[in-house]
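Undergrad: Here it is, the structure in full.
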Amino acid sequence: MTQIFQKLIFAELKIAGVDLPRILNRLSDEEYRLERIYYIDELEIKLLTYYKDLPKITTLVNKMGGEVKIIGNPYFIDVFQRLKNHVILLFTALTMLFLFAFLPTRVLFLSVSGNKSVSSSEIIALSNRQGLYPGAKRKNVRSEQIKNVLINQYPTIKWAGVNTRGAEATILIEENIIHAAAGQAYPCDIVSSSDGVIQRIEVKEGTVYCREGDMVKSGDVLISGKQDVAFCTLSKEAAGEVYAFTLKNVSVISPKTECLITANRRVKHRLSLRYQNFRIKLPFSSGIPDTFCGRISEDYCLVLPGGFRLPFFLQIDSYIPYIYANSTVDESDAERILLNSARTYILDSMVAGIIKTENTQFSGNDLYYRMDGLFHCCEMIGRTKAHEIGDVYGKNN
Amino acid sequence: MDYGNSDLRRRINREKTILELTGNSRLLVENHLGIQCYGSSVIRIRTDFGLLLITGDEMCFEFMSKYRLLIQGKISEIRVLCGE
């Protein structure tokens, strides 16, 4: 560190003279800083002194009949003296220095972000007229003024701002229609679960995006949890309920023949011995029963007199054999069953609601009966989300 | 080496020359009266008590001012020549 410091402010001299001790004594008496005084020969010495004292020392030494020769300049003077021989390098360095000093104060590049409805070229053209153009001074850029002009010119722009970083200026645009145009639903929004015409809206929290009588599609935002406040957007969980008239088209099919299972009241038993996972068949009524329906298995541990338990179990399978028979379904019965199935399906598919009217068409052929129905319902298509632990943005992981 | 206290020392000791030798490589002479002869092997310094003859090898003045003189090198002999 000391050496670097010395390089920056000290100059290296060679003093030649007949009476060098006298010269040194005189210089020290004058209180010049003298360091590293090296003996070269009887007539010459080498030393370091302050660069600023050099003219005075030279004059003094010359008066005393000596001679001063500078053999090393301070570092920065050396650098400049060397650069004098490299004009191109010096020019490049000076140009770079100028550019580094000049560039950060100017705007050279313009970009626009966040715009959807208004083109970037229009925004840039308008900003140019307000003093934001390539080459403009950064300190002269008035973000507030540009914002006001943009908002007045384009009603769709809600907020604008200019962010300068280095030589680049970015015009940030926030538009009113982004949310609706993109149809993007956020986790805080209430969205429609099916297509329909809005019948009733009950809002507790959030911004309503629809009115009674509006037609909405599945996935449309009904109540938004986002609220625009001056320069930022607040997100809050939307709360409310939306009811709508919906139309559901259902087709139900039932086979014409059905299998009737009739229980035989006689209970049968099968006995077997079991050792761990191995089954030992017994001579009578042993083995696994054919059926699985209505089968009851019971294990009895075999215990010797005195309470010693054997590792064998007596397994008793009790079951009721069924009688299977095919029969043809009545047309009236089939219609009733299909209608009930369709209604059950529709009601189950709703969050909450009722079937207002229904228009069904019953048909049949040799194999099956078919019912096509058009059901007019009034159902809840949007409601406050009930989150659970582990939910990520309303979706259960 | 503390140069800051040397002025104070000089006043206390009333201009008496002080020699401070560190090993055989550094010699600090305070309140000297000037150099008489200078070479890499022999240095003569005037003091209030006479002439100081320093013999050695590769000697140089690390620092020199009106009151202080710091000699650095391989010092082999220091002699005081009184009355000269």
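In the structure tokens, the first chain shown is A, the next is B, and so on; residue numbers restart at 1 for each chain, and ligands run from 1 in the order shown.
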Show which residues sit within 7 Å of region 33-38 of chain B, as a PyMOL selection string. Count only C-alpha atoms, and ignore same-chain residues fewer than 2 positions away.

TA: (chain A and resi 21+25) or (chain B and resi 31+42-47)

Undergrad: Could you save the residues just selected, with C-alpha atoms, as a PDB file, in the first residue's frame?

TA:
```
ATOM      1  CA  PRO A  21      26.558  15.609   1.628  1.00  0.00           C
ATOM      2  CA  ASN A  25      22.157  18.738   4.366  1.00  0.00           C
TER       3      ASN A  25
ATOM      4  CA  ASN B  31      19.257  15.862  16.412  1.00  0.00           C
ATOM      5  CA  VAL B  42      30.992   4.467   5.242  1.00  0.00           C
ATOM      6  CA  ILE B  43      28.813   7.263   6.578  1.00  0.00           C
ATOM      7  CA  ARG B  44      30.023  10.171   8.681  1.00  0.00           C
ATOM      8  CA  ILE B  45      27.490  12.200  10.607  1.00  0.00           C
ATOM      9  CA  ARG B  46      28.170  15.301  12.622  1.00  0.00           C
ATOM     10  CA  THR B  47      26.683  15.328  16.115  1.00  0.00           C
TER      11      THR B  47
END
```

Undergrad: Could you tell me which residues of chain A sit within 6 Å of chain B when counting only C-alpha atoms, and give me the result as a PyMOL selection string?

TA: chain A and resi 21+25+28-29+34-39

Undergrad: For the residues in the current selection, export C-alpha atoms as a PDB file, in the first residue's frame.

TA:
```pdb
ATOM      1  CA  PRO A  21      26.558  15.609   1.628  1.00  0.00           C
ATOM      2  CA  ASN A  25      22.157  18.738   4.366  1.00  0.00           C
ATOM      3  CA  SER A  28      16.984  18.501   4.750  1.00  0.00           C
ATOM      4  CA  ASP A  29      17.435  21.917   6.353  1.00  0.00           C
ATOM      5  CA  LEU A  34      13.823  12.911   1.341  1.00  0.00           C
ATOM      6  CA  GLU A  35      13.429   9.156   1.331  1.00  0.00           C
ATOM      7  CA  ARG A  36      15.372   6.116   0.161  1.00  0.00           C
ATOM      8  CA  ILE A  37      18.604   7.906  -0.510  1.00  0.00           C
ATOM      9  CA  TYR A  38      20.827   5.376  -2.297  1.00  0.00           C
ATOM     10  CA  TYR A  39      24.493   5.824  -3.006  1.00  0.00           C
TER      11      TYR A  39
END
```

Undergrad: As an NGL selection string, which residues of region 2-83 of chain B does DSSP assign to strand (DSSP E)?

TA: :B and (18-22 or 26-30 or 34-38 or 42-47 or 50-64 or 68-81)

Undergrad: Just asking: which residues within chain B are helix (DSSP H, G or I) according to DSSP, as a list of chain:residue names?

TA: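 Selecting the helix (DSSP H, G or I) positions of chain B gives B:Ser6, B:Asp7, B:Leu8, B:Arg9, B:Arg10, B:Arg11, B:Ile12.
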
Undergrad: When you count only C-alpha atoms, which of these residues is closest to Tyr324 (chain A): A:Ile280, A:Val303, A:Asp348, A:Thr262?

TA: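 So, comparing all the options, the nearest one is A:Thr262.
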
Undergrad: Write out as a PyMOL selection string the residues lying within 10 Å of Glu20 (chain B), counting only C-alpha atoms and excluding same-chain residues fewer than 3 positions away.

TA: chain B and resi 1+23+26-30+70

Undergrad: Which residues are close to Ile124 (chain A), i.e. within 9 Å by only C-alpha atoms, leaving aside same-chain residues fewer than 2 positions away? Reply as a PyMOL selection string.

TA: chain A and resi 110-112+119-122+126-129+132-133+171

Undergrad: Based on the selection just made, write N, CA, C and O atoms of those residues as a PDB file, in the first residue's frame.

TA:
```pdb
ATOM      1  N   LEU A 110     -36.167   3.259 -25.929  1.00  0.00           N
ATOM      2  CA  LEU A 110     -37.524   3.376 -25.379  1.00  0.00           C
ATOM      3  C   LEU A 110     -38.244   2.050 -25.557  1.00  0.00           C
ATOM      4  O   LEU A 110     -38.123   1.406 -26.606  1.00  0.00           O
ATOM      5  N   SER A 111     -38.972   1.652 -24.558  1.00  0.00           N
ATOM      6  CA  SER A 111     -39.787   0.437 -24.689  1.00  0.00           C
ATOM      7  C   SER A 111     -41.086   0.634 -23.918  1.00  0.00           C
ATOM      8  O   SER A 111     -41.161   1.455 -23.008  1.00  0.00           O
ATOM      9  N   VAL A 112     -42.089  -0.128 -24.341  1.00  0.00           N
ATOM     10  CA  VAL A 112     -43.412  -0.032 -23.715  1.00  0.00           C
ATOM     11  C   VAL A 112     -43.793  -1.413 -23.208  1.00  0.00           C
ATOM     12  O   VAL A 112     -43.570  -2.408 -23.907  1.00  0.00           O
ATOM     13  N   SER A 119     -51.343   0.513 -29.268  1.00  0.00           N
ATOM     14  CA  SER A 119     -50.073   0.002 -29.793  1.00  0.00           C
ATOM     15  C   SER A 119     -48.898   0.770 -29.195  1.00  0.00           C
ATOM     16  O   SER A 119     -49.016   1.939 -28.801  1.00  0.00           O
ATOM     17  N   SER A 120     -47.755   0.085 -29.179  1.00  0.00           N
ATOM     18  CA  SER A 120     -46.541   0.677 -28.586  1.00  0.00           C
ATOM     19  C   SER A 120     -46.100   1.910 -29.357  1.00  0.00           C
ATOM     20  O   SER A 120     -45.642   2.895 -28.762  1.00  0.00           O
ATOM     21  N   SER A 121     -46.241   1.872 -30.691  1.00  0.00           N
ATOM     22  CA  SER A 121     -45.775   2.997 -31.513  1.00  0.00           C
ATOM     23  C   SER A 121     -46.567   4.266 -31.197  1.00  0.00           C
ATOM     24  O   SER A 121     -46.017   5.365 -31.156  1.00  0.00           O
ATOM     25  N   GLU A 122     -47.878   4.104 -30.951  1.00  0.00           N
ATOM     26  CA  GLU A 122     -48.705   5.271 -30.610  1.00  0.00           C
ATOM     27  C   GLU A 122     -48.269   5.872 -29.285  1.00  0.00           C
ATOM     28  O   GLU A 122     -48.181   7.098 -29.135  1.00  0.00           O
ATOM     29  N   LEU A 126     -46.589   9.580 -28.706  1.00  0.00           N
ATOM     30  CA  LEU A 126     -47.146  10.562 -27.769  1.00  0.00           C
ATOM     31  C   LEU A 126     -46.123  10.980 -26.709  1.00  0.00           C
ATOM     32  O   LEU A 126     -46.037  12.155 -26.333  1.00  0.00           O
ATOM     33  N   SER A 127     -45.325   9.997 -26.288  1.00  0.00           N
ATOM     34  CA  SER A 127     -44.292  10.296 -25.280  1.00  0.00           C
ATOM     35  C   SER A 127     -43.206  11.190 -25.860  1.00  0.00           C
ATOM     36  O   SER A 127     -42.654  12.033 -25.145  1.00  0.00           O
ATOM     37  N   ASN A 128     -42.887  10.986 -27.141  1.00  0.00           N
ATOM     38  CA  ASN A 128     -41.872  11.820 -27.792  1.00  0.00           C
ATOM     39  C   ASN A 128     -42.251  13.292 -27.734  1.00  0.00           C
ATOM     40  O   ASN A 128     -41.408  14.160 -27.521  1.00  0.00           O
ATOM     41  N   ARG A 129     -43.542  13.541 -27.910  1.00  0.00           N
ATOM     42  CA  ARG A 129     -44.006  14.926 -27.886  1.00  0.00           C
ATOM     43  C   ARG A 129     -43.930  15.521 -26.484  1.00  0.00           C
ATOM     44  O   ARG A 129     -43.944  16.724 -26.311  1.00  0.00           O
ATOM     45  N   LEU A 132     -39.947  12.720 -24.053  1.00  0.00           N
ATOM     46  CA  LEU A 132     -39.289  11.429 -23.854  1.00  0.00           C
ATOM     47  C   LEU A 132     -38.945  10.858 -25.219  1.00  0.00           C
ATOM     48  O   LEU A 132     -39.800  10.260 -25.882  1.00  0.00           O
ATOM     49  N   TYR A 133     -37.735  11.074 -25.641  1.00  0.00           N
ATOM     50  CA  TYR A 133     -37.275  10.599 -26.959  1.00  0.00           C
ATOM     51  C   TYR A 133     -35.827  10.137 -26.812  1.00  0.00           C
ATOM     52  O   TYR A 133     -35.134  10.499 -25.845  1.00  0.00           O
ATOM     53  N   ILE A 171     -41.873   2.554 -20.611  1.00  0.00           N
ATOM     54  CA  ILE A 171     -43.175   3.146 -20.292  1.00  0.00           C
ATOM     55  C   ILE A 171     -44.080   2.006 -19.836  1.00  0.00           C
ATOM     56  O   ILE A 171     -44.390   1.096 -20.610  1.00  0.00           O
TER      57      ILE A 171
END
```
